[in-house]
file final_36.cif (mmCIF, C-alpha atoms)
data_run
#
loop_
_atom_site.label_atom_id
_atom_site.label_comp_id
_atom_site.auth_asym_id
_atom_site.auth_seq_id
_atom_site.Cartn_x
_atom_site.Cartn_y
_atom_site.Cartn_z
CA MET H 141 -21.10 -14.32 37.20
CA ALA H 142 -22.09 -14.64 40.92
CA THR H 143 -23.26 -18.24 40.32
CA ALA H 144 -19.90 -19.10 38.76
CA GLU H 145 -18.06 -17.59 41.76
CA VAL H 146 -20.18 -19.63 44.24
CA ASN H 147 -19.63 -22.78 42.20
CA TRP H 148 -15.84 -22.53 42.16
CA ARG H 149 -15.83 -21.70 45.90
CA GLU H 150 -17.92 -24.77 46.68
CA ASP H 151 -15.70 -26.82 44.41
CA ILE H 152 -12.58 -25.66 46.29
CA LEU H 153 -14.24 -26.40 49.67
CA SER H 154 -15.24 -29.90 48.60
CA LYS H 155 -11.73 -30.58 47.30
CA LEU H 156 -10.19 -29.37 50.59
CA GLN H 157 -12.52 -31.59 52.61
CA GLU H 158 -11.73 -34.57 50.42
CA ARG H 159 -8.00 -33.89 50.77
CA ASN H 160 -8.28 -33.70 54.58
CA ARG H 161 -10.24 -36.92 54.60
CA PHE H 162 -7.66 -38.62 52.36
CA GLN H 163 -4.68 -37.39 54.38
CA THR H 164 -6.12 -38.05 57.91
CA ASP H 165 -7.79 -41.45 57.35
CA CYS H 166 -4.44 -43.20 56.95
CA PHE H 167 -3.31 -41.85 60.35
CA GLN H 168 -6.50 -42.50 62.34
CA ASP H 169 -5.35 -45.96 63.46
CA LEU H 170 -1.94 -44.62 64.43
CA ILE H 171 -3.46 -41.80 66.49
CA ALA H 172 -5.94 -44.16 68.17
CA GLN H 173 -3.16 -46.64 68.96
CA HIS H 174 -1.05 -43.79 70.35
CA ASN H 175 -3.90 -42.72 72.58
CA LYS H 176 -4.42 -46.30 73.79
CA ILE H 177 -0.71 -46.68 74.51
CA PHE H 178 -0.66 -43.35 76.32
CA ASP H 179 -3.61 -44.47 78.47
CA ALA H 180 -1.96 -47.85 79.11
CA VAL H 181 1.28 -46.12 80.14
CA ASN H 182 -0.62 -43.98 82.60
CA ALA H 183 -2.40 -47.07 83.98
CA LEU H 184 0.87 -48.97 84.26
CA LYS H 185 2.51 -46.02 85.98
CA HIS H 186 -0.31 -45.94 88.44
CA GLU H 187 -0.19 -49.74 88.92
CA ASN H 188 3.60 -49.64 89.27
CA LEU H 189 3.24 -46.98 91.91
CA GLN H 190 0.71 -49.11 93.77
CA LEU H 191 2.94 -52.18 93.50
CA SER H 192 5.91 -50.20 94.73
CA ILE H 193 3.88 -49.07 97.72
CA GLN H 194 2.73 -52.64 98.39
CA ASN H 195 6.31 -53.90 98.00
CA GLU H 196 7.56 -51.41 100.53
CA LYS H 197 4.78 -52.31 102.88
CA LEU H 198 5.59 -55.98 102.48
CA ARG H 199 9.25 -55.35 103.06
CA LEU H 200 8.48 -53.43 106.15
CA ASP H 201 6.18 -56.17 107.32
CA GLY H 202 8.87 -58.78 106.54
CA ASP H 203 11.48 -56.88 108.43
CA ARG H 204 9.15 -56.62 111.35
CA ALA H 205 8.32 -60.27 111.27
CA GLY H 206 12.05 -61.14 111.35
CA GLY H 207 12.34 -62.98 108.08
CA GLY H 208 8.64 -64.05 107.50
CA ASP H 209 7.71 -67.26 105.91
CA SER H 210 8.55 -68.61 102.47
CA ARG H 211 5.10 -67.93 101.09
CA LEU H 212 5.45 -64.28 101.61
CA HIS H 213 8.92 -64.40 100.11
CA GLU H 214 7.60 -66.08 96.95
CA LYS H 215 4.88 -63.51 96.70
CA ILE H 216 7.44 -60.80 96.90
CA GLN H 217 9.55 -62.39 94.19
CA CYS H 218 6.49 -62.75 92.01
CA LEU H 219 5.69 -59.13 92.53
CA GLU H 220 9.25 -58.12 91.73
CA GLN H 221 9.16 -60.24 88.59
CA LYS H 222 5.90 -58.63 87.63
CA LEU H 223 7.37 -55.22 88.36
CA LEU H 224 10.36 -55.95 86.13
CA THR H 225 8.05 -57.05 83.32
CA GLN H 226 6.00 -53.89 83.74
CA GLN H 227 9.15 -51.78 83.63
CA GLU H 228 10.23 -53.45 80.38
CA GLU H 229 6.78 -52.86 78.91
CA LEU H 230 6.97 -49.28 80.11
CA THR H 231 10.34 -48.84 78.40
CA GLU H 232 8.96 -50.27 75.17
CA LEU H 233 5.95 -48.00 75.42
CA HIS H 234 8.24 -44.97 75.96
CA ARG H 235 10.23 -45.95 72.86
CA ARG H 236 7.07 -46.32 70.78
CA LYS H 237 5.80 -43.04 72.21
CA GLY H 238 8.98 -41.30 71.02
CA GLU H 239 8.64 -42.81 67.57
CA ASN H 240 5.01 -41.74 67.41
CA SER H 241 5.94 -38.26 68.58
CA GLN H 242 8.59 -38.02 65.85
CA GLN H 243 6.05 -39.21 63.26
CA ILE H 244 3.59 -36.59 64.52
CA ILE H 245 6.28 -33.88 64.21
CA ASP H 246 7.09 -35.00 60.66
CA LEU H 247 3.40 -35.10 59.77
CA ASN H 248 2.89 -31.61 61.20
CA ALA H 249 5.78 -30.32 59.06
CA LYS H 250 4.27 -31.96 56.00
CA LEU H 251 0.89 -30.53 56.92
CA GLN H 252 2.34 -27.01 57.15
CA GLU H 253 4.01 -27.46 53.76
CA LYS H 254 0.71 -28.67 52.32
CA GLU H 255 -1.09 -25.69 53.83
CA LYS H 256 1.46 -23.31 52.27
CA LEU H 257 1.00 -25.09 48.96
CA ILE H 258 -2.77 -24.75 49.34
CA VAL H 259 -2.40 -21.00 49.98
CA MET H 260 -0.24 -20.67 46.88
CA LYS H 261 -2.78 -22.68 44.88
CA ASP H 262 -5.58 -20.43 46.14
CA ILE H 263 -3.63 -17.34 45.06
CA SER H 264 -2.96 -18.92 41.67
CA LEU H 265 -6.63 -19.83 41.35
CA ALA H 266 -7.63 -16.24 42.11
CA GLU H 267 -5.16 -14.90 39.53
CA ASN H 268 -6.36 -17.44 36.96
CA ALA H 269 -9.97 -16.48 37.70
CA ALA H 270 -9.11 -12.81 37.07
CA LYS H 271 -7.31 -13.77 33.86
CA ILE H 272 -10.30 -15.86 32.77
CA THR H 273 -12.59 -12.86 33.37
CA SER H 274 -10.36 -10.53 31.34
CA LEU H 275 -9.97 -13.12 28.57
CA GLN H 276 -13.73 -13.61 28.42
CA ALA H 277 -14.14 -9.84 28.03
CA GLU H 278 -11.52 -9.85 25.25
CA ILE H 279 -13.26 -12.79 23.56
CA THR H 280 -16.54 -10.87 23.65
CA LEU H 281 -14.82 -7.80 22.15
CA PHE H 282 -13.12 -9.90 19.46
CA ASP H 283 -16.43 -11.60 18.59
CA ARG H 284 -18.04 -8.19 18.16
CA ASN H 285 -15.15 -6.96 16.02
CA ASN H 286 -15.28 -10.17 13.98
CA LYS H 287 -18.97 -9.66 13.27
CA GLU H 288 -18.35 -6.03 12.24
CA LEU H 289 -15.48 -7.10 9.97
CA LYS H 290 -17.67 -9.76 8.38
CA LEU H 291 -20.37 -7.18 7.68
CA LEU H 292 -17.76 -4.78 6.27
CA ASN H 293 -16.30 -7.57 4.15
CA GLU H 294 -19.72 -8.39 2.75
CA ALA H 295 -20.31 -4.72 1.93
CA LEU H 296 -16.91 -4.43 0.25
CA ARG H 297 -17.54 -7.63 -1.69
CA ASP H 298 -20.89 -6.30 -2.93
CA GLU H 299 -19.26 -2.99 -3.86
CA HIS H 300 -16.46 -4.85 -5.63
CA GLN H 301 -18.99 -6.84 -7.65
CA ALA H 302 -20.85 -3.66 -8.56
CA LEU H 303 -17.61 -1.94 -9.58
CA HIS H 304 -16.58 -5.00 -11.55
CA LEU H 305 -19.87 -4.91 -13.45
CA ALA H 306 -19.46 -1.18 -14.07
CA PHE H 307 -15.87 -1.77 -15.20
CA THR H 308 -17.03 -4.48 -17.60
CA CYS H 309 -19.65 -2.15 -19.06
CA LEU H 310 -17.13 0.69 -19.39
CA GLU H 311 -14.62 -1.67 -20.96
CA ASP H 312 -17.20 -2.70 -23.55
CA LYS H 313 -17.98 0.96 -24.23
CA LEU H 314 -14.26 1.70 -24.52
CA ARG H 315 -13.80 -1.13 -26.99
CA LYS H 316 -16.72 0.15 -29.06
CA LEU H 317 -15.35 3.71 -28.95
CA GLN H 318 -11.90 2.46 -29.96
CA ASP H 319 -13.41 0.62 -32.91
CA GLU H 320 -15.37 3.73 -33.86
CA ASN H 321 -12.24 5.86 -33.45
CA ARG H 322 -10.28 3.47 -35.66
CA GLN H 323 -12.97 3.73 -38.32
CA LEU H 324 -12.95 7.54 -38.06
CA VAL H 325 -9.15 7.58 -38.33
CA GLU H 326 -9.33 5.40 -41.42
CA ARG H 327 -11.93 7.72 -42.94
CA LEU H 328 -9.79 10.73 -42.07
CA MET H 329 -6.76 9.12 -43.68
CA ASN H 330 -8.82 8.42 -46.78
CA TYR H 331 -9.91 12.08 -46.86
CA LYS H 332 -6.29 13.21 -46.42
CA THR H 333 -5.20 10.87 -49.20
CA LYS H 334 -7.85 12.33 -51.50
CA ASP H 335 -6.82 15.88 -50.52
CA ALA H 336 -3.18 15.00 -51.17
CA ASP H 337 -4.04 13.62 -54.60
CA ARG H 338 -6.04 16.73 -55.43
CA MET H 339 -3.26 18.97 -54.14
CA ASN H 340 -0.67 17.10 -56.20
CA GLU H 341 -2.84 17.46 -59.25
CA GLU H 342 -3.31 21.20 -58.63
CA ASN H 343 0.44 21.65 -58.08
CA GLU H 344 1.24 19.78 -61.28
CA ASN H 345 -1.27 21.88 -63.23
CA PHE H 346 0.13 25.07 -61.68
CA LEU H 347 3.70 24.07 -62.53
CA LYS H 348 2.70 23.15 -66.07
CA LYS H 349 0.92 26.48 -66.61
CA ARG H 350 3.83 28.38 -65.08
CA PHE H 351 6.35 26.50 -67.19
CA ALA H 352 4.28 27.15 -70.32
CA LYS H 353 3.97 30.84 -69.43
CA MET H 354 7.69 31.17 -68.79
CA GLN H 355 8.48 29.39 -72.04
CA LYS H 356 6.13 31.71 -73.90
CA GLU H 357 7.72 34.80 -72.31
CA ILE H 358 11.18 33.53 -73.22
CA GLU H 359 10.10 33.00 -76.83
CA GLU H 360 8.62 36.52 -76.98
CA ALA H 361 11.79 37.96 -75.48
CA CYS H 362 13.85 36.15 -78.09
CA ARG H 363 11.70 37.63 -80.83
CA ASP H 364 12.11 41.17 -79.43
CA THR H 365 15.93 40.98 -79.40
CA ARG H 366 16.18 40.12 -83.10
CA GLY H 367 16.08 43.80 -84.16
CA VAL H 368 18.87 44.89 -81.80
CA SER H 369 22.48 44.66 -82.90
CA PRO H 370 25.16 43.18 -80.68
CA GLU H 371 26.96 46.56 -80.66
CA ASP H 372 23.89 48.22 -79.15
CA LEU H 373 23.76 45.59 -76.48
CA GLN H 374 27.44 46.06 -75.63
CA GLU H 375 27.53 49.91 -75.63
CA GLY H 376 25.25 52.62 -74.36
CA TYR H 377 23.17 50.57 -71.95
CA GLY H 378 23.89 50.10 -68.28
CA PRO H 379 22.54 47.40 -65.98
CA SER H 380 18.76 47.24 -65.89
CA CYS H 381 18.54 46.31 -62.16
CA GLN H 382 20.65 46.43 -59.03
CA SER H 383 20.98 44.08 -56.03
CA THR H 384 18.87 44.95 -52.96
CA ILE H 385 20.24 42.30 -50.59
CA PRO H 386 20.49 43.81 -47.07
CA THR H 387 23.99 44.09 -45.65
CA LYS H 388 23.21 45.02 -42.00
CA ALA H 389 20.87 43.46 -39.42
CA CYS H 390 18.23 45.86 -38.14
CA VAL H 391 17.25 43.89 -35.00
CA LYS H 392 18.96 40.98 -33.33
CA PHE H 393 17.52 39.13 -30.27
CA ASP H 394 17.40 35.68 -28.64
CA ALA H 395 14.01 34.27 -29.56
CA HIS H 396 14.25 30.79 -28.02
CA ASP H 397 16.32 28.75 -25.57
CA GLY H 398 17.56 26.53 -28.39
CA GLU H 399 17.52 26.55 -32.16
CA VAL H 400 15.05 28.71 -34.13
CA ASN H 401 13.39 26.54 -36.78
CA ALA H 402 10.74 28.83 -38.31
CA VAL H 403 9.95 32.57 -38.69
CA LYS H 404 6.78 34.11 -40.18
CA TRP H 405 5.53 37.70 -40.55
CA SER H 406 1.90 38.49 -39.85
CA PRO H 407 0.03 39.64 -42.99
CA LEU H 408 -1.51 42.62 -41.13
CA ASP H 409 0.47 43.82 -38.10
CA ARG H 410 4.17 44.22 -37.45
CA LEU H 411 4.05 40.89 -35.68
CA VAL H 412 6.54 38.04 -36.08
CA ALA H 413 5.94 34.42 -35.04
CA THR H 414 8.96 32.21 -34.29
CA GLY H 415 9.11 28.48 -33.61
CA GLY H 416 12.02 26.75 -31.96
CA ALA H 417 13.40 23.55 -30.52
CA ASP H 418 12.08 24.48 -27.05
CA ARG H 419 8.55 23.39 -28.19
CA LYS H 420 7.16 26.94 -28.08
CA VAL H 421 5.77 29.44 -30.59
CA LYS H 422 6.55 33.03 -29.57
CA LEU H 423 5.03 36.28 -30.84
CA TRP H 424 7.21 39.40 -31.23
CA GLU H 425 6.31 42.97 -32.21
CA ILE H 426 9.04 44.70 -34.26
CA SER H 427 8.84 48.51 -34.28
CA LYS H 428 11.49 51.27 -34.51
CA GLY H 429 14.38 48.84 -34.29
CA THR H 430 13.18 47.24 -31.05
CA CYS H 431 11.67 43.84 -30.30
CA GLU H 432 8.92 43.28 -27.70
CA SER H 433 7.48 39.90 -26.67
CA LYS H 434 3.71 39.67 -27.17
CA GLY H 435 3.05 36.13 -25.98
CA MET H 436 4.02 32.50 -25.91
CA LEU H 437 1.99 29.66 -27.46
CA VAL H 438 2.48 26.30 -25.74
CA GLY H 439 1.07 22.82 -26.22
CA SER H 440 3.56 21.25 -28.59
CA ASN H 441 5.23 18.00 -27.52
CA ALA H 442 8.31 18.43 -29.73
CA GLY H 443 10.27 21.15 -31.48
CA VAL H 444 8.21 23.45 -33.73
CA MET H 445 9.44 23.12 -37.33
CA ALA H 446 7.10 25.51 -39.24
CA VAL H 447 4.65 28.35 -38.47
CA ASP H 448 2.18 30.28 -40.64
CA PHE H 449 -0.61 32.88 -40.29
CA ASP H 450 -3.99 32.81 -41.96
CA SER H 451 -5.02 35.59 -44.33
CA THR H 452 -6.74 37.56 -41.53
CA GLY H 453 -3.83 37.25 -39.07
CA THR H 454 -6.08 35.84 -36.31
CA LEU H 455 -4.91 32.21 -36.43
CA ILE H 456 -1.44 30.65 -36.29
CA LEU H 457 -0.68 27.19 -37.64
CA GLY H 458 2.32 25.33 -36.18
CA ALA H 459 3.79 21.99 -37.28
CA SER H 460 5.99 20.19 -34.75
CA ASN H 461 8.36 17.24 -34.82
CA ASP H 462 5.85 14.95 -33.04
CA TYR H 463 3.85 14.34 -36.24
CA ALA H 464 1.22 16.88 -35.17
CA SER H 465 -0.05 20.27 -36.29
CA ARG H 466 -1.75 22.79 -33.99
CA VAL H 467 -3.78 25.97 -34.44
CA TRP H 468 -3.71 28.87 -31.95
CA THR H 469 -5.70 32.11 -31.85
CA VAL H 470 -3.61 35.30 -31.76
CA ALA H 471 -6.05 37.30 -29.62
CA ASP H 472 -6.23 35.06 -26.52
CA GLN H 473 -3.18 32.87 -27.41
CA ARG H 474 -5.09 29.66 -26.73
CA LEU H 475 -4.75 26.29 -28.43
CA ARG H 476 -7.80 25.61 -30.58
CA VAL H 477 -6.96 22.55 -32.70
CA SER H 478 -4.47 19.74 -32.16
CA ASN H 479 -4.38 17.19 -34.98
CA SER H 480 -1.89 14.30 -34.99
CA SER H 481 -0.88 12.85 -38.36
CA ARG H 482 0.99 9.87 -36.87
CA LYS H 483 0.12 6.76 -38.85
CA ARG H 484 -0.66 3.35 -37.38
CA THR H 485 1.28 0.30 -38.46
CA ASP H 486 -1.72 -1.11 -40.26
CA THR H 487 -2.14 1.95 -42.58
CA LEU H 488 -2.01 1.18 -46.23
CA PRO H 489 1.43 1.71 -47.86
CA ARG H 490 -0.28 3.48 -50.72
CA SER H 491 -1.44 6.33 -48.50
CA ARG H 492 2.12 6.69 -47.16
CA LYS H 493 3.53 6.96 -50.68
CA ARG H 494 0.96 9.57 -51.66
CA THR H 495 1.59 11.64 -48.56
CA ARG H 496 5.35 11.42 -49.11
CA ALA H 497 4.84 12.51 -52.73
CA VAL H 498 3.00 15.62 -51.56
CA SER H 499 5.72 16.56 -49.08
CA ASN H 500 8.46 16.05 -51.69
CA LYS H 501 6.82 17.95 -54.53
CA CYS H 502 5.74 21.14 -52.80
CA PRO H 503 5.69 22.79 -49.36
CA PRO H 504 2.45 22.88 -47.33
CA PRO H 505 0.00 25.54 -48.51
CA PRO H 506 -0.58 28.69 -46.46
CA LEU H 507 -3.67 29.06 -44.28
CA GLY H 508 -5.30 31.22 -46.92
CA HIS H 509 -5.23 28.37 -49.42
CA PRO H 510 -8.67 26.77 -50.02
CA VAL H 511 -7.31 23.32 -49.19
CA ALA H 512 -5.95 24.53 -45.83
CA ARG H 513 -9.24 26.26 -45.06
CA SER H 514 -11.23 23.10 -45.80
CA PHE H 515 -8.79 21.07 -43.67
CA ILE H 516 -9.15 23.43 -40.68
CA ALA H 517 -12.94 23.51 -41.04
CA ALA H 518 -13.11 19.71 -41.18
CA VAL H 519 -10.83 19.17 -38.19
CA SER H 520 -11.69 22.02 -35.81
CA GLY H 521 -15.41 22.41 -36.46
CA PRO H 522 -16.96 25.16 -34.29
CA ALA H 523 -13.67 25.85 -32.46
CA ALA H 524 -11.85 27.11 -35.56
CA ALA H 525 -14.91 28.97 -36.74
#

call {"tool": "encode", "arguments": {"input": "final_36.cif", "output": "structure tokens"}}
result
Amino acid sequence: MATAEVNWREDILSKLQERNRFQTDCFQDLIAQHNKIFDAVNALKHENLQLSIQNEKLRLDGDRAGGGDSRLHEKIQCLEQKLLTQQEELTELHRRKGENSQQIIDLNAKLQEKEKLIVMKDISLAENAAKITSLQAEITLFDRNNKELKLLNEALRDEHQALHLAFTCLEDKLRKLQDENRQLVERLMNYKTKDADRMNEENENFLKKRFAKMQKEIEEACRDTRGVSPEDLQEGYGPSCQSTIPTKACVKFDAHDGEVNAVKWSPLDRLVATGGADRKVKLWEISKGTCESKGMLVGSNAGVMAVDFDSTGTLILGASNDYASRVWTVADQRLRVSNSSRKRTDTLPRSRKRTRAVSNKCPPPPLGHPVARSFIAAVSGPAAA
């Protein structure tokens, strides 16, 4: 930095010397001529003074001589002529001296202006030098920041490549898991279709047996009434049974914020489970004409349409309007199983028809039914157990 400061100082000094040389060389002849003229004027003044003295002496001598001779008179005229010529030259020299003086004054004014301009240029050079120093410091700082940003960019690029590779691997795993999940869903749908077929068959057999039993009982009843006369049937016998339909509500309470879609008594305790449009299953204890809330089971994404207990009263099954069924435990009121029965668009129409046939023919079996137990065991695994 010190070397740079010395260099620009020497550069300024050399430029100033060159400028002085350029601006004074053109006036050297004029100044020398002015000095010569000034010396000549002084010499002529001195010579004029001497000639004036000689002229006076000659005049005095002529007056003394009483007219003198013609030679002296000619000499006097010659001297007067010479004096006149010298006076004219002196006048011309005075005029030229005035012009030169005016030129010198003008040149001095220009010189002062140039010096002021030089001072301003020096100040500007100093300010520019300070700016250059600050800009060089900023350039150094920016270079350092640029290098750091390049290193950070390289690190981010490497991290991005690593994350991209990891994302590609995870995407492949996700695709494989989705394929596996699709296969498992298809297998599950096949199992449900088989269970639905078996359930339909059991329901049909049950209905056939029940119909046959009822028909047999009707036939036996018809045989028993053959020995009774119509008069005996009309007189002497009252009604064999009376209606037991309740006429007054024992307990009335607001179970849900909206509509109540399902109600189910527990097989063991005096516990009632209600399901409503507010997507909740609530537990109530009914005793001595009062109702007390025992808990709230959440997790459904739509209104609960049906609820049911298992045979032990420890599990609650709820079916909601979002094509899903869920199983909660009564003790800790936690969701144990959430199974969605929503079908994909590529499911076989045959399975839809079979499932629809099951829902149309009979209601879903209770949790104590063997089919429901096998379904819960297959879906929940260790959680339901």

call {"tool": "resolve_selection", "arguments": {"input": "final_36.cif", "expression": "the PyMOL selection byres ((chain H and resi 435-443) around 12)", "output": "MDAnalysis selection string"}}
result
chainID H and resid 395:402 411:425 432:434 444:447 455:480

call {"tool": "atom_distance", "arguments": {"input": "final_36.cif", "atom1": "CA of Gln276 in chain H", "atom2": "CA of Ala295 in chain H"}}
result
28.7 Å

call {"tool": "axis_aligned_box", "arguments": {"input": "final_36.cif", "around": "range 338-348 of chain H", "padding_each_side": "4 Å", "output": "AutoDock Vina command-line options"}}
result
--center_x -1.2 --center_y 20.9 --center_z -60.1 --size_x 17.7 --size_y 16.3 --size_z 19.9

call {"tool": "closest_residue", "arguments": {"input": "final_36.cif", "among": "H:Lys237, H:Thr280, H:Ser451, H:Glu288", "to": "Asp179 in chain H", "atoms": "all atoms listed in the file"}}
result
H:Lys237

call {"tool": "atom_distance", "arguments": {"input": "final_36.cif", "atom1": "CA of Lys256 in chain H", "atom2": "CA of Phe167 in chain H"}}
result
20.8 Å

call {"tool": "resolve_selection", "arguments": {"input": "final_36.cif", "expression": "the PyMOL selection byres ((chain H and resi 220) around 12)", "output": "JSON, numbers by chain"}}
result
{"H": [188, 191, 192, 194, 195, 196, 198, 199, 213, 214, 215, 216, 217, 218, 219, 221, 222, 223, 224, 225, 226, 227]}

call {"tool": "closest_residue", "arguments": {"input": "final_36.cif", "among": "H:Lys332, H:Asp394, H:Leu291, H:Leu230", "to": "Glu187 in chain H", "atoms": "only C-alpha atoms"}}
result
H:Leu230
